[in-house]
>>> print(open('query-v3.txt').read())   # compact mmCIF, C-alpha atoms (C1' of nucleotides)
# COMPACT_ATOMS: atom_id res chain seq x y z
CA MET A 1 -4.38 30.67 -111.64
CA ARG A 2 -5.19 31.36 -108.01
CA ASN A 3 -7.66 28.64 -107.14
CA ARG A 4 -7.74 26.27 -109.98
CA GLN A 5 -9.86 23.37 -108.96
CA MET A 6 -9.96 22.72 -105.26
CA SER A 7 -9.14 26.09 -103.67
CA LEU A 8 -5.73 25.95 -102.08
CA PRO A 9 -5.36 27.49 -98.64
CA GLU A 10 -3.95 30.94 -98.03
CA ALA A 11 -0.94 31.57 -95.81
CA GLY A 12 -1.94 31.26 -92.15
CA GLU A 13 -4.90 29.02 -92.92
CA ASP A 14 -5.34 25.30 -92.71
CA LYS A 15 -2.42 23.45 -91.18
CA ARG A 16 -0.42 26.61 -91.14
CA GLY A 17 -2.30 28.68 -88.58
CA PRO A 18 -2.04 28.43 -84.79
CA GLU A 19 -3.59 24.96 -84.98
CA GLY A 20 -0.89 23.53 -87.19
CA ARG A 21 1.90 21.24 -86.12
CA LEU A 22 4.38 22.86 -83.79
CA GLY A 23 7.42 21.82 -85.78
CA TYR A 24 5.95 23.33 -88.90
CA LEU A 25 5.04 26.54 -87.10
CA LEU A 26 8.54 26.76 -85.67
CA ARG A 27 10.11 26.41 -89.09
CA GLN A 28 7.83 29.03 -90.63
CA ALA A 29 8.44 31.52 -87.83
CA ALA A 30 12.20 31.11 -88.01
CA ALA A 31 12.22 31.37 -91.81
CA ALA A 32 10.14 34.54 -91.72
CA HIS A 33 12.38 36.12 -89.10
CA ARG A 34 15.52 35.17 -91.03
CA LEU A 35 14.09 36.69 -94.19
CA ARG A 36 13.19 39.91 -92.38
CA MET A 37 16.73 40.10 -91.04
CA GLU A 38 18.26 39.40 -94.42
CA ARG A 39 16.35 42.24 -95.96
CA ALA A 40 17.00 44.61 -93.07
CA LEU A 41 20.76 44.01 -93.39
CA ALA A 42 21.03 43.68 -97.16
CA ASP A 43 22.28 47.21 -97.86
CA LEU A 44 25.03 46.78 -95.22
CA ASP A 45 26.32 43.79 -97.17
CA ILE A 46 26.14 41.38 -94.26
CA THR A 47 24.04 38.27 -93.70
CA PRO A 48 22.25 37.16 -90.51
CA PRO A 49 24.73 34.34 -89.79
CA GLN A 50 27.62 36.76 -90.31
CA PHE A 51 25.98 39.17 -87.88
CA THR A 52 25.58 36.41 -85.30
CA VAL A 53 29.20 35.33 -85.53
CA LEU A 54 30.44 38.92 -85.54
CA THR A 55 28.46 39.58 -82.36
CA MET A 56 30.08 36.61 -80.67
CA LEU A 57 33.53 37.63 -81.79
CA ALA A 58 32.96 41.08 -80.33
CA SER A 59 31.80 39.56 -77.04
CA TYR A 60 34.65 37.06 -76.77
CA PRO A 61 37.58 38.65 -78.58
CA GLY A 62 40.31 36.47 -79.96
CA CYS A 63 38.46 33.20 -79.78
CA SER A 64 39.01 30.52 -82.39
CA ASN A 65 36.99 28.91 -85.12
CA ALA A 66 36.26 25.94 -82.86
CA ASP A 67 35.23 28.19 -79.98
CA ILE A 68 32.68 29.92 -82.19
CA ALA A 69 31.35 26.59 -83.41
CA ARG A 70 30.74 25.54 -79.82
CA ILE A 71 28.99 28.62 -78.53
CA ALA A 72 26.97 29.18 -81.71
CA VAL A 73 25.96 25.52 -81.93
CA LEU A 74 27.28 25.19 -85.47
CA THR A 75 29.78 22.80 -87.01
CA ALA A 76 33.38 23.72 -87.71
CA PRO A 77 33.00 23.74 -91.52
CA THR A 78 30.03 26.08 -91.25
CA VAL A 79 32.00 28.53 -89.17
CA THR A 80 34.90 28.31 -91.62
CA VAL A 81 32.59 29.53 -94.37
CA ILE A 82 31.08 32.37 -92.36
CA VAL A 83 34.36 33.63 -90.92
CA GLY A 84 35.88 33.35 -94.39
CA ASN A 85 33.23 35.67 -95.76
CA LEU A 86 33.67 38.07 -92.84
CA GLU A 87 37.40 38.10 -93.47
CA ALA A 88 37.01 38.66 -97.21
CA ARG A 89 34.81 41.59 -96.29
CA GLY A 90 37.39 43.10 -93.94
CA ALA A 91 35.30 42.78 -90.78
CA VAL A 92 37.72 40.40 -89.03
CA THR A 93 41.38 39.39 -89.15
CA ARG A 94 43.12 36.21 -88.05
CA ARG A 95 46.47 35.46 -86.41
CA ARG A 96 48.22 32.31 -85.29
CA HIS A 97 48.34 31.42 -81.64
CA ALA A 98 51.75 32.22 -80.12
CA GLU A 99 52.45 28.68 -78.97
CA HIS A 100 49.72 26.49 -80.37
CA GLY A 101 50.63 26.54 -84.02
CA ARG A 102 47.32 25.17 -85.24
CA ILE A 103 44.89 27.56 -83.55
CA LEU A 104 43.87 30.75 -85.36
CA HIS A 105 42.63 33.65 -83.26
CA ILE A 106 40.01 35.87 -84.79
CA ASP A 107 39.81 39.60 -84.10
CA VAL A 108 37.14 42.08 -85.10
CA SER A 109 38.55 45.00 -87.11
CA ALA A 110 37.63 48.62 -86.48
CA GLN A 111 35.56 48.48 -89.63
CA GLY A 112 33.86 45.37 -88.31
CA LEU A 113 33.00 47.05 -85.02
CA ALA A 114 31.48 50.03 -86.80
CA LEU A 115 29.51 47.69 -89.01
CA LEU A 116 28.29 45.76 -85.99
CA GLU A 117 26.92 48.91 -84.39
CA ARG A 118 24.90 49.75 -87.46
CA CYS A 119 23.50 46.22 -87.60
CA ARG A 120 22.55 46.10 -83.96
CA GLU A 121 19.97 48.87 -84.12
CA ARG A 122 18.12 47.21 -86.95
CA VAL A 123 18.22 43.73 -85.49
CA HIS A 124 17.11 44.92 -82.08
CA ALA A 125 14.18 46.69 -83.66
CA LEU A 126 13.12 43.44 -85.29
CA ASP A 127 13.51 41.64 -81.97
CA GLU A 128 11.30 44.19 -80.26
CA ALA A 129 8.67 43.73 -82.93
CA LEU A 130 8.52 40.03 -82.10
CA LEU A 131 6.98 40.95 -78.74
CA ALA A 132 4.30 43.35 -79.91
CA GLY A 133 0.95 42.34 -78.46
CA PHE A 134 2.18 39.77 -75.96
CA ALA A 135 1.97 39.96 -72.18
CA GLU A 136 4.91 39.29 -69.91
CA GLU A 137 3.55 35.92 -68.88
CA GLU A 138 3.22 34.88 -72.48
CA GLU A 139 6.70 36.08 -73.25
CA ALA A 140 8.05 34.03 -70.35
CA ALA A 141 6.29 30.92 -71.65
CA VAL A 142 7.65 31.49 -75.14
CA ARG A 143 11.19 31.97 -73.86
CA ARG A 144 11.03 28.85 -71.76
CA TRP A 145 9.65 26.85 -74.67
CA LEU A 146 12.24 28.07 -77.16
CA SER A 147 15.05 27.32 -74.74
CA ALA A 148 13.75 23.81 -74.22
CA ALA A 149 13.41 23.23 -77.96
CA ALA A 150 16.96 24.46 -78.51
CA ARG A 151 18.47 21.97 -76.07
CA ASP A 152 19.92 18.63 -77.02
CA PRO A 153 19.96 18.84 -80.79
CA ALA A 154 21.42 15.34 -80.72
CA ALA A 155 18.60 13.78 -78.73
CA MET B 1 41.45 23.70 -74.94
CA ARG B 2 38.11 24.08 -73.18
CA ASN B 3 38.43 27.36 -71.37
CA ARG B 4 41.58 28.96 -72.50
CA GLN B 5 41.73 32.37 -71.00
CA MET B 6 38.37 33.90 -70.23
CA SER B 7 36.06 30.92 -69.81
CA LEU B 8 33.64 30.77 -72.71
CA PRO B 9 30.01 30.08 -71.90
CA GLU B 10 28.37 26.69 -72.19
CA ALA B 11 25.34 26.06 -74.37
CA GLY B 12 22.23 27.46 -72.71
CA GLU B 13 24.17 29.98 -70.65
CA ASP B 14 24.81 33.66 -71.11
CA LYS B 15 22.92 35.20 -74.00
CA ARG B 16 21.75 31.80 -75.10
CA GLY B 17 19.46 30.87 -72.22
CA PRO B 18 15.87 31.99 -71.68
CA GLU B 19 17.11 35.54 -71.12
CA GLY B 20 18.73 35.82 -74.53
CA ARG B 21 17.40 37.74 -77.49
CA LEU B 22 14.22 36.31 -78.91
CA GLY B 23 15.47 36.24 -82.49
CA TYR B 24 18.52 34.32 -81.42
CA LEU B 25 16.47 31.88 -79.37
CA LEU B 26 14.13 31.36 -82.30
CA ARG B 27 16.98 30.55 -84.64
CA GLN B 28 18.56 28.12 -82.18
CA ALA B 29 15.28 26.33 -81.52
CA ALA B 30 14.48 25.95 -85.21
CA ALA B 31 18.01 24.77 -86.02
CA ALA B 32 17.92 22.17 -83.25
CA HIS B 33 14.53 20.89 -84.40
CA ARG B 34 15.68 20.73 -88.02
CA LEU B 35 18.76 18.78 -87.02
CA ARG B 36 16.69 16.32 -84.96
CA MET B 37 14.42 15.81 -87.95
CA GLU B 38 17.33 15.38 -90.34
CA ARG B 39 18.77 12.64 -88.17
CA ALA B 40 15.41 10.98 -87.56
CA LEU B 41 14.80 10.75 -91.33
CA ALA B 42 18.34 10.11 -92.50
CA ASP B 43 17.99 6.35 -92.98
CA LEU B 44 14.84 6.87 -95.08
CA ASP B 45 16.89 8.99 -97.48
CA ILE B 46 14.65 12.04 -97.25
CA THR B 47 15.29 15.54 -95.92
CA PRO B 48 12.98 17.70 -93.79
CA PRO B 49 12.15 20.07 -96.66
CA GLN B 50 11.38 17.10 -98.90
CA PHE B 51 9.10 15.71 -96.20
CA THR B 52 7.29 19.04 -95.92
CA VAL B 53 6.71 19.30 -99.66
CA LEU B 54 5.70 15.66 -99.94
CA THR B 55 3.14 16.20 -97.19
CA MET B 56 1.64 19.12 -99.08
CA LEU B 57 1.55 17.23 -102.33
CA ALA B 58 -0.32 14.42 -100.61
CA SER B 59 -2.82 16.89 -99.14
CA TYR B 60 -3.37 18.79 -102.39
CA PRO B 61 -2.77 16.27 -105.17
CA GLY B 62 -1.79 17.48 -108.58
CA CYS B 63 -0.84 20.99 -107.60
CA SER B 64 1.98 22.79 -109.36
CA ASN B 65 5.42 24.03 -108.46
CA ALA B 66 4.05 27.54 -108.02
CA ASP B 67 1.18 26.30 -105.85
CA ILE B 68 3.63 24.62 -103.51
CA ALA B 69 5.77 27.72 -103.36
CA ARG B 70 2.76 29.73 -102.23
CA ILE B 71 1.43 27.46 -99.54
CA ALA B 72 4.88 26.53 -98.20
CA VAL B 73 6.07 30.16 -98.21
CA LEU B 74 9.09 29.34 -100.34
CA THR B 75 10.31 30.75 -103.64
CA ALA B 76 9.78 29.01 -106.95
CA PRO B 77 13.47 28.13 -107.47
CA THR B 78 13.62 26.56 -104.03
CA VAL B 79 10.66 24.36 -104.81
CA THR B 80 12.21 23.41 -108.14
CA VAL B 81 15.21 22.01 -106.28
CA ILE B 82 13.19 20.10 -103.70
CA VAL B 83 10.70 18.62 -106.16
CA GLY B 84 13.59 17.74 -108.45
CA ASN B 85 15.17 15.70 -105.68
CA LEU B 86 11.85 14.06 -104.84
CA GLU B 87 11.40 13.16 -108.49
CA ALA B 88 14.94 11.77 -108.83
CA ARG B 89 14.13 9.63 -105.81
CA GLY B 90 10.92 8.30 -107.34
CA ALA B 91 8.57 9.78 -104.75
CA VAL B 92 6.72 12.01 -107.22
CA THR B 93 6.02 12.25 -110.94
CA ARG B 94 5.11 15.20 -113.13
CA ARG B 95 2.79 15.68 -116.11
CA ARG B 96 1.88 18.62 -118.30
CA HIS B 97 -1.44 20.35 -117.80
CA ALA B 98 -3.96 19.31 -120.46
CA GLU B 99 -4.57 22.83 -121.73
CA HIS B 100 -2.08 25.09 -120.02
CA GLY B 101 1.09 23.97 -121.68
CA ARG B 102 3.40 25.59 -119.18
CA ILE B 103 2.03 24.19 -115.92
CA LEU B 104 3.42 20.92 -114.58
CA HIS B 105 1.23 18.92 -112.23
CA ILE B 106 2.96 16.92 -109.54
CA ASP B 107 1.64 13.58 -108.28
CA VAL B 108 2.85 11.49 -105.37
CA SER B 109 3.80 7.97 -106.43
CA ALA B 110 2.78 4.86 -104.52
CA GLN B 111 6.33 4.61 -103.32
CA GLY B 112 6.15 8.22 -102.20
CA LEU B 113 2.98 7.59 -100.22
CA ALA B 114 4.51 4.61 -98.44
CA LEU B 115 7.57 6.68 -97.67
CA LEU B 116 5.41 9.49 -96.31
CA GLU B 117 3.70 7.14 -93.89
CA ARG B 118 6.99 5.98 -92.47
CA CYS B 119 8.18 9.56 -92.07
CA ARG B 120 5.02 10.75 -90.37
CA GLU B 121 5.37 8.55 -87.29
CA ARG B 122 8.86 9.79 -86.59
CA VAL B 123 8.10 13.44 -87.21
CA HIS B 124 4.96 13.35 -85.12
CA ALA B 125 6.94 11.83 -82.27
CA LEU B 126 9.37 14.74 -82.43
CA ASP B 127 6.47 17.18 -82.50
CA GLU B 128 4.98 15.60 -79.39
CA ALA B 129 8.31 15.88 -77.62
CA LEU B 130 8.25 19.63 -78.21
CA LEU B 131 5.35 19.87 -75.78
CA ALA B 132 6.72 17.81 -72.92
CA GLY B 133 6.46 19.75 -69.70
CA PHE B 134 4.25 22.59 -70.92
CA ALA B 135 0.71 23.38 -69.81
CA GLU B 136 -2.12 24.02 -72.25
CA GLU B 137 -2.06 27.73 -71.55
CA GLU B 138 1.61 27.89 -72.32
CA GLU B 139 1.15 25.89 -75.49
CA ALA B 140 -1.55 28.30 -76.60
CA ALA B 141 0.73 31.27 -76.00
CA VAL B 142 3.54 29.61 -77.93
CA ARG B 143 1.27 28.80 -80.86
CA ARG B 144 -0.07 32.32 -81.00
CA TRP B 145 3.43 33.77 -80.85
CA LEU B 146 4.83 31.48 -83.55
CA SER B 147 1.92 32.29 -85.84
CA ALA B 148 2.45 36.00 -85.36
CA ALA B 149 6.17 35.69 -86.03
CA ALA B 150 5.49 33.72 -89.19
CA ARG B 151 3.25 36.38 -90.68
CA ASP B 152 4.39 39.03 -93.12
CA PRO B 153 7.91 37.92 -93.91
CA ALA B 154 8.08 40.97 -96.15
CA ALA B 155 7.26 43.51 -93.43
C1' DA C 1 -5.96 40.97 -133.77
C1' DA C 2 -1.70 42.80 -131.62
C1' DG C 3 0.95 44.15 -128.11
C1' DA C 4 1.45 44.58 -123.04
C1' DT C 5 1.15 42.32 -118.74
C1' DA C 6 1.22 38.44 -115.68
C1' DA C 7 2.13 33.67 -114.41
C1' DT C 8 4.97 29.45 -114.76
C1' DA C 9 9.21 27.04 -114.87
C1' DT C 10 14.01 27.05 -115.05
C1' DT C 11 19.00 28.48 -114.76
C1' DA C 12 22.90 31.02 -112.67
C1' DG C 13 25.22 32.57 -108.72
C1' DA C 14 25.88 33.39 -103.81
C1' DG C 15 25.64 31.89 -99.17
C1' DG C 16 24.60 28.70 -95.24
C1' DT C 17 24.37 24.12 -93.33
C1' DC C 18 25.34 19.37 -92.74
C1' DT C 19 28.35 14.78 -92.94
C1' DA C 20 32.62 12.59 -94.19
C1' DA C 21 37.32 12.70 -94.89
C1' DC C 22 41.84 14.58 -94.41
C1' DA C 23 46.21 17.09 -92.68
C1' DT C 24 48.40 19.18 -88.87
C1' DT C 25 49.43 19.90 -84.18
C1' DA C 26 48.92 18.85 -78.87
C1' DT C 27 48.52 15.88 -75.29
C1' DG C 28 48.75 11.56 -72.80
C1' DC C 29 50.32 6.97 -71.84
C1' DG C 30 53.46 3.07 -71.92
C1' DC D 1 61.03 8.76 -76.00
C1' DG D 2 57.31 7.10 -79.23
C1' DC D 3 53.00 6.00 -80.43
C1' DA D 4 47.91 6.62 -79.75
C1' DT D 5 44.37 9.83 -79.01
C1' DA D 6 42.24 14.19 -79.30
C1' DA D 7 41.66 18.86 -81.01
C1' DT D 8 41.97 22.22 -84.82
C1' DG D 9 41.35 23.72 -89.34
C1' DT D 10 40.22 22.70 -94.01
C1' DT D 11 38.30 20.50 -98.32
C1' DA D 12 34.72 17.88 -100.88
C1' DG D 13 30.09 16.94 -101.79
C1' DA D 14 25.16 17.37 -101.07
C1' DC D 15 21.09 20.01 -100.12
C1' DC D 16 18.31 24.22 -99.10
C1' DT D 17 17.48 28.98 -99.70
C1' DC D 18 17.55 33.46 -101.62
C1' DT D 19 17.80 37.19 -105.62
C1' DA D 20 18.17 38.10 -110.49
C1' DA D 21 17.58 36.87 -115.09
C1' DT D 22 15.56 34.17 -118.90
C1' DA D 23 12.12 31.52 -121.79
C1' DT D 24 7.56 30.16 -122.49
C1' DT D 25 2.70 30.49 -122.20
C1' DA D 26 -1.91 32.90 -120.75
C1' DT D 27 -4.52 36.68 -120.26
C1' DC D 28 -5.87 41.36 -120.65
C1' DT D 29 -6.25 45.87 -123.01
C1' DT D 30 -6.92 48.59 -126.71
>>> encode(input="query-v3.txt", output="structure tokens")
Amino acid sequence: MRNRQMSLPEAGEDKRGPEGRLGYLLRQAAAAHRLRMERALADLDITPPQFTVLTMLASYPGCSNADIARIAVLTAPTVTVIVGNLEARGAVTRRRHAEHGRILHIDVSAQGLALLERCRERVHALDEALLAGFAEEEEAAVRRWLSAAARDPAA
Amino acid sequence: MRNRQMSLPEAGEDKRGPEGRLGYLLRQAAAAHRLRMERALADLDITPPQFTVLTMLASYPGCSNADIARIAVLTAPTVTVIVGNLEARGAVTRRRHAEHGRILHIDVSAQGLALLERCRERVHALDEALLAGFAEEEEAAVRRWLSAAARDPAA
DNA sequence: AAGATAATATTAGAGGTCTAACATTATGCG
DNA sequence: CGCATAATGTTAGACCTCTAATATTATCTT
């Protein structure tokens, strides 16, 4: 049932090649990268968002749910879900702030640190692959563009 | 509770500026663009994925669930959800193939077409904004890079 | 013609993401 | 001090996305 009547386009053709709309291209590229990461991490039983949050927790130990939401540009409920899954998995633990009774500090467990190391190699390899065949000037343009697109999600 | 003990970074600083990891930048940029689209379309009661699928259905009328999954690079269950919501909303209708009893053809309703037109203006405006401040050479590099990143989600 | 293979559509289950609403705790102002 | 405001964490509900499994229908092979 490939091309029934009017020959549908293949992936990368038509509006979905380099001439397509930028927003569409951006979504496709991000979805493909997410899927590659998901599959690269699947046997370690960790998801890409969990890896991202775990990385931040390792960089800024003891920060709170709200802190993570701010630096990861996610909402508080989203972070609650991700940290909940990391906790259920044993990668992080939580403790109440000494004086501020409401705040919960999050710490990466030894098991979580070991897990993080194993993830890093694979994710970095995928990141490297994103640059294959591009000159430094092009890379600089891409970085500048992505940073600009990431700013002001509210605007 | 801004900077409690060790001064957490602001958005766009640290690993999240143009020097950050490309995969991370890509995710942030796509998430920001998705959120902008969500908010731009919210009052029309349609989501970005629904807009994407509706656009494809208008371009290739009468194609099936599986056709959409192929050209949008999504899985069949995902498309089932999105088309189901479009149908519940009255933007599309479905009919059985004349001879192939299993295939369901999807058609955009008049209401769906009118809706699509209203969406297009807003989405195109957001797409234009993605290019503000970038030269043609840079745009070409970005397009080439996004297309490369979007290829081979399985690899 | 009969059985094996492939394609289509759907359901179930898990996880991520948002908005809206709520409960709890800090902080600030009169 | 006491109340208003803000920050933190959570729950509820909706949607998108995946993998895995199932049912139905077409097609191919022998």
>>> residues_near_point(input="query-v3.txt", point="(12.9, 11.3, -91.0)", cutoff="10 Å", atoms="only C-alpha atoms (C1' of nucleotides)", output="ChimeraX atom specification")
/B:36-48,50-51,115-116,118-123,126
>>> residues_near_point(input="query-v3.txt", point="(27.4, 34.2, -107.2)", cutoff="12 Å", atoms="all atoms listed in the file", output="JSON, numbers by chain")
{"C": [12, 13, 14, 15], "D": [18, 19, 20]}
>>> closest_residue(input="query-v3.txt", among="A:Val83, A:Ala150, A:Ala76, A:Gly133", to="DT19 of chain C", atoms="only C-alpha atoms (C1' of nucleotides)")
A:Ala76
>>> interface_residues(input="query-v3.txt", of="chain D", to="chain B", cutoff="9 Å", atoms="all atoms listed in the file", output="list in words")
DA7, DC15, DC16, DT17, DC18, DT24, DT25 and DA26 of chain D
>>> closest_residue(input="query-v3.txt", among="C:DA1, C:DT8, C:DA21, C:DG28", to="Ala69 of chain B", atoms="only C-alpha atoms (C1' of nucleotides)")
C:DT8
>>> closest_residue(input="query-v3.txt", among="A:Arg70, A:Arg89, A:His105, A:Arg94", to="chain B", atoms="all atoms listed in the file")
A:Arg70
>>> closest_residue(input="query-v3.txt", among="A:Leu131, A:Thr80, A:Ala114, A:Glu137", to="DT11 of chain D", atoms="all atoms listed in the file")
A:Thr80
>>> closest_residue(input="query-v3.txt", among="D:DA23, D:DA6, D:DC1, D:DT30", to="DT27 of chain C", atoms="all atoms listed in the file")
D:DA6
>>> calpha_fit_and_write(input="query-v3.txt", fixed="chain B", moving="chain A", output="CSV table (one decimal) with C-alpha atoms, in the frame of the given file")
chain,number,residue,atom,x,y,z
A,1,MET,CA,41.4,23.7,-75.0
A,2,ARG,CA,38.1,24.1,-73.2
A,3,ASN,CA,38.4,27.4,-71.4
A,4,ARG,CA,41.6,28.9,-72.5
A,5,GLN,CA,41.8,32.3,-71.0
A,6,MET,CA,38.4,33.9,-70.2
A,7,SER,CA,36.1,30.9,-69.8
A,8,LEU,CA,33.6,30.8,-72.7
A,9,PRO,CA,30.0,30.1,-71.9
A,10,GLU,CA,28.4,26.7,-72.3
A,11,ALA,CA,25.4,26.1,-74.5
A,12,GLY,CA,22.2,27.5,-72.8
A,13,GLU,CA,24.2,30.0,-70.7
A,14,ASP,CA,24.8,33.6,-71.2
A,15,LYS,CA,22.9,35.2,-74.0
A,16,ARG,CA,21.8,31.9,-75.1
A,17,GLY,CA,19.5,30.9,-72.3
A,18,PRO,CA,15.9,32.0,-71.7
A,19,GLU,CA,17.1,35.5,-71.2
A,20,GLY,CA,18.7,35.8,-74.5
A,21,ARG,CA,17.4,37.8,-77.5
A,22,LEU,CA,14.2,36.3,-78.9
A,23,GLY,CA,15.5,36.2,-82.5
A,24,TYR,CA,18.5,34.3,-81.4
A,25,LEU,CA,16.5,31.9,-79.4
A,26,LEU,CA,14.1,31.4,-82.3
A,27,ARG,CA,17.0,30.5,-84.6
A,28,GLN,CA,18.6,28.1,-82.2
A,29,ALA,CA,15.3,26.3,-81.5
A,30,ALA,CA,14.5,25.9,-85.2
A,31,ALA,CA,18.0,24.8,-86.0
A,32,ALA,CA,17.9,22.2,-83.3
A,33,HIS,CA,14.5,20.9,-84.4
A,34,ARG,CA,15.7,20.7,-88.0
A,35,LEU,CA,18.8,18.8,-87.0
A,36,ARG,CA,16.7,16.3,-85.0
A,37,MET,CA,14.4,15.8,-87.9
A,38,GLU,CA,17.3,15.3,-90.3
A,39,ARG,CA,18.8,12.6,-88.2
A,40,ALA,CA,15.4,11.0,-87.5
A,41,LEU,CA,14.8,10.7,-91.3
A,42,ALA,CA,18.3,10.1,-92.5
A,43,ASP,CA,18.0,6.3,-93.0
A,44,LEU,CA,14.8,6.8,-95.1
A,45,ASP,CA,16.9,9.0,-97.5
A,46,ILE,CA,14.6,12.0,-97.2
A,47,THR,CA,15.3,15.5,-95.9
A,48,PRO,CA,13.0,17.7,-93.8
A,49,PRO,CA,12.1,20.1,-96.6
A,50,GLN,CA,11.4,17.1,-98.9
A,51,PHE,CA,9.1,15.7,-96.2
A,52,THR,CA,7.3,19.0,-95.9
A,53,VAL,CA,6.7,19.3,-99.6
A,54,LEU,CA,5.7,15.7,-99.9
A,55,THR,CA,3.1,16.2,-97.2
A,56,MET,CA,1.6,19.1,-99.1
A,57,LEU,CA,1.6,17.2,-102.3
A,58,ALA,CA,-0.3,14.4,-100.6
A,59,SER,CA,-2.8,16.9,-99.2
A,60,TYR,CA,-3.4,18.8,-102.4
A,61,PRO,CA,-2.8,16.3,-105.2
A,62,GLY,CA,-1.8,17.5,-108.6
A,63,CYS,CA,-0.8,21.0,-107.6
A,64,SER,CA,2.0,22.8,-109.4
A,65,ASN,CA,5.4,24.0,-108.5
A,66,ALA,CA,4.0,27.6,-108.0
A,67,ASP,CA,1.2,26.3,-105.8
A,68,ILE,CA,3.6,24.6,-103.5
A,69,ALA,CA,5.8,27.7,-103.3
A,70,ARG,CA,2.8,29.7,-102.2
A,71,ILE,CA,1.4,27.5,-99.5
A,72,ALA,CA,4.9,26.5,-98.2
A,73,VAL,CA,6.1,30.1,-98.2
A,74,LEU,CA,9.1,29.3,-100.3
A,75,THR,CA,10.3,30.8,-103.6
A,76,ALA,CA,9.8,29.0,-106.9
A,77,PRO,CA,13.5,28.1,-107.4
A,78,THR,CA,13.6,26.6,-104.0
A,79,VAL,CA,10.7,24.4,-104.8
A,80,THR,CA,12.2,23.4,-108.1
A,81,VAL,CA,15.2,22.0,-106.2
A,82,ILE,CA,13.2,20.1,-103.7
A,83,VAL,CA,10.7,18.6,-106.1
A,84,GLY,CA,13.6,17.8,-108.4
A,85,ASN,CA,15.2,15.7,-105.7
A,86,LEU,CA,11.9,14.1,-104.8
A,87,GLU,CA,11.4,13.2,-108.5
A,88,ALA,CA,15.0,11.8,-108.8
A,89,ARG,CA,14.1,9.7,-105.8
A,90,GLY,CA,10.9,8.3,-107.3
A,91,ALA,CA,8.6,9.8,-104.7
A,92,VAL,CA,6.7,12.0,-107.2
A,93,THR,CA,6.0,12.3,-110.9
A,94,ARG,CA,5.1,15.2,-113.1
A,95,ARG,CA,2.8,15.7,-116.1
A,96,ARG,CA,1.9,18.6,-118.3
A,97,HIS,CA,-1.5,20.4,-117.8
A,98,ALA,CA,-4.0,19.3,-120.5
A,99,GLU,CA,-4.6,22.8,-121.7
A,100,HIS,CA,-2.1,25.1,-120.0
A,101,GLY,CA,1.1,24.0,-121.7
A,102,ARG,CA,3.4,25.6,-119.2
A,103,ILE,CA,2.0,24.2,-115.9
A,104,LEU,CA,3.4,20.9,-114.6
A,105,HIS,CA,1.2,18.9,-112.2
A,106,ILE,CA,3.0,16.9,-109.5
A,107,ASP,CA,1.7,13.6,-108.3
A,108,VAL,CA,2.9,11.5,-105.4
A,109,SER,CA,3.8,8.0,-106.4
A,110,ALA,CA,2.8,4.9,-104.5
A,111,GLN,CA,6.4,4.6,-103.3
A,112,GLY,CA,6.2,8.2,-102.2
A,113,LEU,CA,3.0,7.6,-100.2
A,114,ALA,CA,4.5,4.6,-98.5
A,115,LEU,CA,7.6,6.7,-97.7
A,116,LEU,CA,5.4,9.5,-96.3
A,117,GLU,CA,3.7,7.1,-93.9
A,118,ARG,CA,7.0,6.0,-92.5
A,119,CYS,CA,8.2,9.5,-92.1
A,120,ARG,CA,5.0,10.7,-90.4
A,121,GLU,CA,5.3,8.5,-87.3
A,122,ARG,CA,8.8,9.8,-86.6
A,123,VAL,CA,8.1,13.4,-87.2
A,124,HIS,CA,5.0,13.3,-85.1
A,125,ALA,CA,6.9,11.8,-82.3
A,126,LEU,CA,9.4,14.7,-82.4
A,127,ASP,CA,6.5,17.2,-82.5
A,128,GLU,CA,5.0,15.6,-79.4
A,129,ALA,CA,8.3,15.9,-77.6
A,130,LEU,CA,8.2,19.6,-78.2
A,131,LEU,CA,5.3,19.9,-75.8
A,132,ALA,CA,6.7,17.8,-72.9
A,133,GLY,CA,6.4,19.8,-69.7
A,134,PHE,CA,4.2,22.6,-70.9
A,135,ALA,CA,0.7,23.4,-69.8
A,136,GLU,CA,-2.1,24.0,-72.3
A,137,GLU,CA,-2.1,27.7,-71.6
A,138,GLU,CA,1.6,27.9,-72.3
A,139,GLU,CA,1.1,25.9,-75.5
A,140,ALA,CA,-1.6,28.3,-76.6
A,141,ALA,CA,0.7,31.3,-76.0
A,142,VAL,CA,3.5,29.6,-77.9
A,143,ARG,CA,1.3,28.8,-80.9
A,144,ARG,CA,-0.1,32.3,-81.0
A,145,TRP,CA,3.4,33.8,-80.9
A,146,LEU,CA,4.8,31.5,-83.6
A,147,SER,CA,1.9,32.3,-85.9
A,148,ALA,CA,2.4,36.0,-85.4
A,149,ALA,CA,6.2,35.7,-86.0
A,150,ALA,CA,5.5,33.7,-89.2
A,151,ARG,CA,3.3,36.4,-90.7
A,152,ASP,CA,4.4,39.0,-93.1
A,153,PRO,CA,7.9,37.9,-93.9
A,154,ALA,CA,8.1,41.0,-96.2
A,155,ALA,CA,7.3,43.5,-93.4
>>> closest_residue(input="query-v3.txt", among="B:Leu113, B:Leu54, B:Ala30, B:Ala129", to="chain A", atoms="all atoms listed in the file")
B:Ala30
>>> residues_around(input="query-v3.txt", residues="Arg27 of chain B", least_positions_apart="6", cutoff="12 Å", atoms="all atoms listed in the file", output="list in words")
Leu26, Arg27, Gln28, Ala29, Ala30, Ala31, Ala32, His33, Arg34, Leu35, Met37, Pro48, Pro49, Thr52, Ala72, Val73, Leu74, Asp127, Leu146, Ser147, Ala149 and Ala150 of chain A; Arg16, Gly20, Arg21, His33 and Arg34 of chain B
>>> atom_distance(input="query-v3.txt", atom1="atom CA of Ala132 of chain B", atom2="atom CA of Ala132 of chain A")
26.6 Å
>>> atom_distance(input="query-v3.txt", atom1="atom CA of Ala148 of chain A", atom2="atom CA of Arg143 of chain B")
15.0 Å
